[in-house]
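Undergrad: Contents of target.pdb (PDB, C-alpha atoms) are given next:
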ATOM      1  CA  TRP S 101      25.667  32.218 -21.510
ATOM      2  CA  GLU S 102      22.726  34.521 -20.917
ATOM      3  CA  PHE S 103      20.516  31.411 -20.580
ATOM      4  CA  ARG S 104      22.995  30.013 -18.070
ATOM      5  CA  ARG S 105      22.919  33.190 -15.987
ATOM      6  CA  VAL S 106      19.104  33.323 -15.982
ATOM      7  CA  LEU S 107      18.758  29.593 -15.222
ATOM      8  CA  PHE S 108      21.256  29.540 -12.393
ATOM      9  CA  ARG S 109      19.873  32.746 -10.926
ATOM     10  CA  SER S 110      16.355  31.256 -10.843
ATOM     11  CA  GLU S 111      17.618  27.914  -9.442
ATOM     12  CA  PRO S 112      20.035  28.579  -6.542
ATOM     13  CA  GLU S 113      20.616  24.832  -6.037
ATOM     14  CA  LEU S 114      21.977  24.614  -9.574
ATOM     15  CA  GLN S 115      24.271  27.533  -8.957
ATOM     16  CA  ALA S 116      25.778  25.703  -5.974
ATOM     17  CA  LEU S 117      26.169  22.484  -7.965
ATOM     18  CA  ALA S 118      27.713  24.264 -10.941
ATOM     19  CA  VAL S 119      30.682  25.716  -9.083
ATOM     20  CA  GLY S 120      33.750  24.706 -11.102
ATOM     21  CA  ALA S 121      31.807  23.398 -14.109
ATOM     22  CA  GLN S 122      33.536  24.025 -17.456
ATOM     23  CA  HIS S 123      30.474  23.444 -19.668
ATOM     24  CA  PHE S 124      26.825  22.698 -19.304
ATOM     25  CA  LEU S 125      24.195  21.212 -21.556
ATOM     26  CA  ALA S 126      20.468  21.906 -21.097
ATOM     27  CA  LEU S 127      17.956  19.738 -22.933
ATOM     28  CA  PRO S 128      14.164  20.118 -22.717
ATOM     29  CA  ILE S 129      11.998  17.217 -21.567
ATOM     30  CA  VAL S 130       8.935  17.804 -23.732
ATOM     31  CA  GLY S 131       6.127  15.432 -24.639
ATOM     32  CA  THR S 132       2.498  16.454 -24.842
ATOM     33  CA  ARG S 133       3.582  19.230 -22.487
ATOM     34  CA  PRO S 134       6.893  20.566 -21.161
ATOM     35  CA  TRP S 135       7.949  18.466 -18.150
ATOM     36  CA  GLY S 136      11.253  20.082 -17.317
ATOM     37  CA  THR S 137      14.869  20.384 -18.328
ATOM     38  CA  LEU S 138      17.753  17.936 -18.135
ATOM     39  CA  ILE S 139      20.917  19.781 -17.182
ATOM     40  CA  VAL S 140      24.301  18.113 -17.486
ATOM     41  CA  LEU S 141      27.338  19.821 -15.969
ATOM     42  CA  GLN S 142      30.808  18.982 -17.236
ATOM     43  CA  PHE S 143      33.815  19.598 -15.027
ATOM     44  CA  ARG S 144      36.421  18.747 -17.679
ATOM     45  CA  PRO S 145      37.608  21.129 -20.356
ATOM     46  CA  SER S 146      36.424  19.004 -23.315
ATOM     47  CA  LEU S 147      33.055  19.770 -24.957
ATOM     48  CA  PHE S 148      30.139  17.341 -25.104
ATOM     49  CA  PRO S 149      30.671  14.958 -28.025
ATOM     50  CA  THR S 150      27.848  14.512 -30.520
ATOM     51  CA  ASP S 151      27.087  10.932 -29.506
ATOM     52  CA  ASP S 152      26.669  12.012 -25.854
ATOM     53  CA  ARG S 153      24.275  14.758 -26.888
ATOM     54  CA  ASP S 154      22.281  12.313 -29.030
ATOM     55  CA  LEU S 155      22.095   9.839 -26.142
ATOM     56  CA  LEU S 156      20.883  12.545 -23.761
ATOM     57  CA  LYS S 157      18.272  13.724 -26.290
ATOM     58  CA  ARG S 158      16.944  10.156 -26.519
ATOM     59  CA  LEU S 159      16.883   9.955 -22.730
ATOM     60  CA  CYS S 160      14.828  13.173 -22.592
ATOM     61  CA  ARG S 161      12.436  11.851 -25.249
ATOM     62  CA  TYR S 162      11.919   8.533 -23.422
ATOM     63  CA  THR S 163      11.482  10.346 -20.122
ATOM     64  CA  ALA S 164       8.859  12.647 -21.656
ATOM     65  CA  GLU S 165       7.013   9.654 -23.141
ATOM     66  CA  ALA S 166       6.993   7.891 -19.760
ATOM     67  CA  LEU S 167       5.741  11.037 -18.014
ATOM     68  CA  ASP S 168       3.063  11.542 -20.687
ATOM     69  CA  GLN S 169       1.890   7.946 -20.189
ATOM     70  CA  GLY S 170       1.894   8.364 -16.425
ATOM     71  CA  GLN S 171      -0.171  11.529 -16.720
ATOM     72  CA  LEU S 172      -2.679   9.783 -18.998
ATOM     73  CA  LEU S 173      -3.064   6.997 -16.430
ATOM     74  CA  ALA S 174      -3.446   9.494 -13.571
ATOM     75  CA  ASP S 175      -6.052  11.456 -15.549
ATOM     76  CA  GLU S 176      -7.978   8.247 -16.307
ATOM     77  CA  ARG S 177      -7.914   7.178 -12.641
ATOM     78  CA  ALA S 178      -9.121  10.619 -11.572
ATOM     79  CA  ARG S 179     -11.955  10.441 -14.123
ATOM     80  CA  GLN S 180     -12.944   6.976 -12.883
ATOM     81  CA  ALA S 181     -12.901   8.203  -9.275
ATOM     82  CA  ARG S 182     -15.130  11.168 -10.212
ATOM     83  CA  ASP S 183     -17.513   8.851 -12.075
ATOM     84  CA  ALA S 184     -17.627   6.417  -9.146
ATOM     85  CA  ALA S 185     -18.319   9.252  -6.690
ATOM     86  CA  ALA S 186     -21.114  10.597  -8.908
ATOM     87  CA  HIS S 187     -22.578   7.086  -9.216
ATOM     88  CA  LEU S 188     -22.430   6.600  -5.446
ATOM     89  CA  ASP S 189     -24.091   9.984  -4.873
ATOM     90  CA  LEU S 190     -26.891   8.963  -7.238
ATOM     91  CA  ILE S 191     -27.397   5.672  -5.381
ATOM     92  CA  LEU S 192     -27.407   7.370  -1.977
ATOM     93  CA  GLU S 193     -29.919   9.966  -3.116
ATOM     94  CA  SER S 194     -32.226   7.223  -4.406
ATOM     95  CA  LEU S 195     -32.326   5.539  -0.956
ATOM     96  CA  GLN S 196     -35.156   7.664   0.356
ATOM     97  CA  ASP S 197     -36.326   5.083   2.909
ATOM     98  CA  TYR S 198     -32.908   5.142   4.588
ATOM     99  CA  ALA S 199     -31.027   7.982   6.224
ATOM    100  CA  VAL S 200     -27.390   7.683   5.124
ATOM    101  CA  ILE S 201     -25.215  10.038   7.144
ATOM    102  CA  THR S 202     -21.430  10.330   7.230
ATOM    103  CA  ILE S 203     -19.616  11.812  10.187
ATOM    104  CA  ASP S 204     -15.995  12.599  10.978
ATOM    105  CA  ASP S 205     -14.120  11.194  13.977
ATOM    106  CA  ALA S 206     -15.489  13.976  16.167
ATOM    107  CA  GLY S 207     -19.089  13.022  15.334
ATOM    108  CA  VAL S 208     -19.735  16.032  13.089
ATOM    109  CA  VAL S 209     -22.038  15.404  10.108
ATOM    110  CA  THR S 210     -20.132  15.598   6.796
ATOM    111  CA  SER S 211     -22.832  14.379   4.386
ATOM    112  CA  TRP S 212     -26.573  13.839   4.470
ATOM    113  CA  ASN S 213     -28.757  12.144   1.873
ATOM    114  CA  THR S 214     -32.346  12.836   0.843
ATOM    115  CA  GLY S 215     -33.593  10.017   3.090
ATOM    116  CA  ALA S 216     -32.004  11.732   6.099
ATOM    117  CA  ALA S 217     -33.584  15.047   5.125
ATOM    118  CA  GLN S 218     -37.018  13.402   4.967
ATOM    119  CA  MET S 219     -36.581  11.391   8.154
ATOM    120  CA  PHE S 220     -35.261  14.220  10.328
ATOM    121  CA  GLN S 221     -36.851  17.232   8.565
ATOM    122  CA  HIS S 222     -33.453  18.944   8.190
ATOM    123  CA  GLU S 223     -32.128  19.971   4.799
ATOM    124  CA  THR S 224     -28.510  19.103   4.017
ATOM    125  CA  ALA S 225     -27.245  22.655   4.513
ATOM    126  CA  ALA S 226     -28.766  22.763   8.003
ATOM    127  CA  ALA S 227     -27.433  19.323   9.014
ATOM    128  CA  VAL S 228     -23.840  19.309   7.750
ATOM    129  CA  GLY S 229     -21.442  20.671  10.337
ATOM    130  CA  ARG S 230     -23.643  19.832  13.332
ATOM    131  CA  SER S 231     -23.055  17.096  15.901
ATOM    132  CA  VAL S 232     -24.793  13.857  15.021
ATOM    133  CA  THR S 233     -25.759  13.460  18.693
ATOM    134  CA  GLU S 234     -28.464  16.103  18.152
ATOM    135  CA  LEU S 235     -30.395  13.498  16.143
ATOM    136  CA  PHE S 236     -30.984  11.268  19.147
ATOM    137  CA  ALA S 237     -33.575  11.827  21.860
ATOM    138  CA  ASP S 238     -31.063  11.137  24.651
ATOM    139  CA  ASP S 239     -28.198  13.086  22.964
ATOM    140  CA  ALA S 240     -26.436   9.729  22.471
ATOM    141  CA  PRO S 241     -24.059   9.309  25.437
ATOM    142  CA  TRP S 242     -23.572   5.748  24.115
ATOM    143  CA  LEU S 243     -22.379   6.836  20.673
ATOM    144  CA  GLU S 244     -18.643   7.119  21.437
ATOM    145  CA  ASP S 245     -18.613   3.547  22.722
ATOM    146  CA  GLN S 246     -20.324   2.331  19.556
ATOM    147  CA  LEU S 247     -17.905   4.302  17.363
ATOM    148  CA  GLN S 248     -15.013   2.664  19.218
ATOM    149  CA  HIS S 249     -16.426  -0.781  18.383
ATOM    150  CA  ALA S 250     -16.809   0.261  14.725
ATOM    151  CA  ARG S 251     -13.193   1.564  14.666
ATOM    152  CA  ILE S 252     -11.853  -1.903  15.426
ATOM    153  CA  GLY S 253     -14.095  -3.541  12.853
ATOM    154  CA  GLU S 254     -16.803  -4.914  15.099
ATOM    155  CA  PRO S 255     -20.343  -4.803  13.656
ATOM    156  CA  VAL S 256     -22.450  -2.123  15.305
ATOM    157  CA  SER S 257     -26.232  -2.134  15.052
ATOM    158  CA  SER S 258     -28.956  -1.177  17.487
ATOM    159  CA  ASP S 259     -32.416   0.304  17.793
ATOM    160  CA  THR S 260     -32.451   3.928  18.922
ATOM    161  CA  THR S 261     -34.886   6.716  19.607
ATOM    162  CA  ALA S 262     -34.238   9.566  17.231
ATOM    163  CA  ARG S 263     -35.530  13.130  17.252
ATOM    164  CA  ARG S 264     -36.923  15.129  14.331
ATOM    165  CA  ARG S 265     -36.486  18.868  13.946
ATOM    166  CA  ASP S 266     -40.000  19.485  15.338
ATOM    167  CA  GLY S 267     -39.126  17.518  18.506
ATOM    168  CA  THR S 268     -41.197  14.422  17.717
ATOM    169  CA  THR S 269     -39.446  11.097  18.143
ATOM    170  CA  LEU S 270     -39.189   7.945  16.071
ATOM    171  CA  THR S 271     -37.650   4.540  16.577
ATOM    172  CA  THR S 272     -34.867   3.701  14.147
ATOM    173  CA  SER S 273     -32.618   0.789  13.413
ATOM    174  CA  LEU S 274     -29.037   2.078  13.297
ATOM    175  CA  VAL S 275     -25.979   0.511  11.658
ATOM    176  CA  ILE S 276     -22.532   2.109  11.992
ATOM    177  CA  ARG S 277     -19.523   1.248   9.825
ATOM    178  CA  PRO S 278     -16.116   2.931   9.505
ATOM    179  CA  LEU S 279     -15.371   4.712   6.233
ATOM    180  CA  GLY S 280     -12.179   3.688   4.442
ATOM    181  CA  GLY S 281     -10.496   0.293   4.621
ATOM    182  CA  ARG S 282      -8.876  -1.801   1.893
ATOM    183  CA  ASN S 283      -5.562   0.020   2.265
ATOM    184  CA  ARG S 284      -7.283   3.406   2.500
ATOM    185  CA  PRO S 285      -7.085   5.425   5.707
ATOM    186  CA  ARG S 286     -10.238   5.588   7.811
ATOM    187  CA  VAL S 287     -11.871   9.003   7.429
ATOM    188  CA  GLY S 288     -14.911   8.756   9.714
ATOM    189  CA  PHE S 289     -18.066   6.684   9.826
ATOM    190  CA  VAL S 290     -21.256   6.052   7.927
ATOM    191  CA  LEU S 291     -24.532   5.745   9.850
ATOM    192  CA  VAL S 292     -27.443   4.065   8.093
ATOM    193  CA  MET S 293     -30.820   4.517   9.771
ATOM    194  CA  ARG S 294     -34.293   3.229   8.972
ATOM    195  CA  ASP S 295     -37.536   4.311  10.568
ATOM    196  CA  ILE S 296     -39.061   1.251  12.286
ATOM    197  CA  THR S 297     -41.619   3.131  14.386
TER     198      THR S 297
END
Mind converting the file's structure to structure tokens?
TA:
Amino acid sequence: WEFRRVLFRSEPELQALAVGAQHFLALPIVGTRPWGTLIVLQFRPSLFPTDDRDLLKRLCRYTAEALDQGQLLADERARQARDAAAHLDLILESLQDYAVITIDDAGVVTSWNTGAAQMFQHETAAAVGRSVTELFADDAPWLEDQLQHARIGEPVSSDTTARRRDGTTLTTSLVIRPLGGRNRPRVGFVLVMRDIT
């Protein structure tokens, strides 16, 4: 009864559901870790028969096994996603002849590879968080139109005049693609630039 008082006090929804209950049975759902508690409320005066308790214990065990398996799969997917992201980062950092820049929908730089740092003479910390339009000699009044074409899946590529940190200019080939796709929400754009001066 003390357990019942503590449990119902900590779970107000249970207290509301338990009004009028004659008996209750609480069984842990425990696998490789505790997942929760199965609570059965009985509104008749008879106690829980042994076969009902055994059935509910099996249900808790099967539930815990299913949750354990689900957690293992989720952990494996998360590990694979981390490995894929690390692999992609390694590839992007090895592309030193190309500036690979990601931006959000507002045109703010969210990532910047080594090639971009070399091409524009800005380190990552100085570039992330700034408007990508600062990279272009004309401050890119045309960029929003090109992003709109990329949003609807049209290929976007052009030659542009870019501006380094010291103010010197260079001619670049620019390709813009939306990030996301394949049932994933779009989260911005990737700009790939190559110096063709």
Undergrad: Would you mind reading off the distance between atom CA of S:Leu247 and atom CA of S:Val208, one decimal, in Å?
TA: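 Straight-line distance from atom CA of S:Leu247 to atom CA of S:Val208 works out to 12.6 Å.
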Undergrad: Here's the selection I'm unsure about, the PyMOL selection byres ((chain S and resi 197) around 9); applied to the file above, which residues does it give, as a ChimeraX atom specification?
TA: /S:194-196,198-199,214-216,218-219,293-295
Undergrad: Residues within 8 Å of stretch 147-159 of chain S, please, as JSON, numbers by chain. Count only C-alpha atoms; anything in the same chain fewer than 6 positions from it doesn't count.
TA: {"S": [123, 125, 127]}
Undergrad: Do you have the atom CA of S:Thr269-atom CA of S:Ala206 distance handy?
TA: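 These atoms are spaced 24.2 Å apart.
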Undergrad: Once the PyMOL selection byres ((chain S and resi 209) around 12) is applied to the coordinates I shared, what remains selected? I want it as a VMD selection string.
TA: chain S and resid 200 to 208 210 to 213 216 224 to 235 288 to 291
Undergrad: Apply the PyMOL selection byres ((chain S and resi 145) around 12) to the displayed file and report the matching residues as an NGL selection string.
TA: :S and (120-124 or 141-144 or 146-148)
Undergrad: Write the residues you've just listed into a file as a PDB file, in the coordinates of the input, and include C-alpha atoms for each of them.
TA:
ATOM      1  CA  GLY S 120      33.750  24.706 -11.102  1.00  0.00           C
ATOM      2  CA  ALA S 121      31.807  23.398 -14.109  1.00  0.00           C
ATOM      3  CA  GLN S 122      33.536  24.025 -17.456  1.00  0.00           C
ATOM      4  CA  HIS S 123      30.474  23.444 -19.668  1.00  0.00           C
ATOM      5  CA  PHE S 124      26.825  22.698 -19.304  1.00  0.00           C
ATOM      6  CA  LEU S 141      27.338  19.821 -15.969  1.00  0.00           C
ATOM      7  CA  GLN S 142      30.808  18.982 -17.236  1.00  0.00           C
ATOM      8  CA  PHE S 143      33.815  19.598 -15.027  1.00  0.00           C
ATOM      9  CA  ARG S 144      36.421  18.747 -17.679  1.00  0.00           C
ATOM     10  CA  SER S 146      36.424  19.004 -23.315  1.00  0.00           C
ATOM     11  CA  LEU S 147      33.055  19.770 -24.957  1.00  0.00           C
ATOM     12  CA  PHE S 148      30.139  17.341 -25.104  1.00  0.00           C
TER      13      PHE S 148
END
Undergrad: For the atom pair atom CA of S:Phe236 and atom CA of S:Val292, what is the interatomic distance in Å to one decimal place?
TA: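 Going from atom CA of S:Phe236 over to atom CA of S:Val292 covers 13.7 Å.
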Undergrad: So that I can see what lies close to S:Ala250, please list as a list of chain:residue names the residues with an atom at most 12 Å from it, counting all atoms listed in the file and leaving out residues fewer than 5 positions away in the same chain.
TA: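 So the residues in contact are S:Asp205, S:Leu243, S:Glu244, S:Asp245, S:Pro255, S:Val256, S:Ser257, S:Val275, S:Ile276, S:Arg277, S:Pro278, S:Leu279, S:Gly280, S:Gly281, S:Arg286, S:Gly288, S:Phe289, S:Val290, S:Leu291.
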Undergrad: Could you tell me which of S:Gln221, S:Arg161, S:Val287, S:Gln246 comes closest to S:Asp266 if we count all atoms listed in the file?
TA: S:Gln221
Undergrad: Generate the coordinates of N, CA and C atoms for stretch 169-183 of chain S; report them as a CSV table (one decimal), keeping the file's coordinate frame.
TA:
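Produced file selection-v4.csv, reproduced below:
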chain,number,residue,atom,x,y,z
S,169,GLN,N,2.7,9.1,-20.5
S,169,GLN,CA,1.9,7.9,-20.2
S,169,GLN,C,1.4,7.9,-18.7
S,170,GLY,N,2.3,8.3,-17.8
S,170,GLY,CA,1.9,8.4,-16.4
S,170,GLY,C,0.8,9.4,-16.2
S,171,GLN,N,0.9,10.5,-16.9
S,171,GLN,CA,-0.2,11.5,-16.7
S,171,GLN,C,-1.5,11.1,-17.3
S,172,LEU,N,-1.4,10.3,-18.4
S,172,LEU,CA,-2.7,9.8,-19.0
S,172,LEU,C,-3.3,8.8,-18.0
S,173,LEU,N,-2.5,8.0,-17.4
S,173,LEU,CA,-3.1,7.0,-16.4
S,173,LEU,C,-3.7,7.7,-15.2
S,174,ALA,N,-2.9,8.7,-14.7
S,174,ALA,CA,-3.4,9.5,-13.6
S,174,ALA,C,-4.8,10.2,-13.9
S,175,ASP,N,-4.8,10.8,-15.1
S,175,ASP,CA,-6.1,11.5,-15.5
S,175,ASP,C,-7.2,10.5,-15.6
S,176,GLU,N,-6.9,9.3,-16.2
S,176,GLU,CA,-8.0,8.2,-16.3
S,176,GLU,C,-8.4,7.8,-14.9
S,177,ARG,N,-7.5,7.6,-14.0
S,177,ARG,CA,-7.9,7.2,-12.6
S,177,ARG,C,-8.8,8.3,-12.0
S,178,ALA,N,-8.4,9.5,-12.2
S,178,ALA,CA,-9.1,10.6,-11.6
S,178,ALA,C,-10.5,10.7,-12.2
S,179,ARG,N,-10.6,10.5,-13.5
S,179,ARG,CA,-12.0,10.4,-14.1
S,179,ARG,C,-12.8,9.3,-13.6
S,180,GLN,N,-12.2,8.1,-13.4
S,180,GLN,CA,-12.9,7.0,-12.9
S,180,GLN,C,-13.4,7.2,-11.4
S,181,ALA,N,-12.5,7.9,-10.7
S,181,ALA,CA,-12.9,8.2,-9.3
S,181,ALA,C,-14.1,9.2,-9.2
S,182,ARG,N,-14.0,10.2,-10.1
S,182,ARG,CA,-15.1,11.2,-10.2
S,182,ARG,C,-16.4,10.5,-10.6
S,183,ASP,N,-16.3,9.6,-11.6
S,183,ASP,CA,-17.5,8.9,-12.1
S,183,ASP,C,-18.1,8.0,-11.0
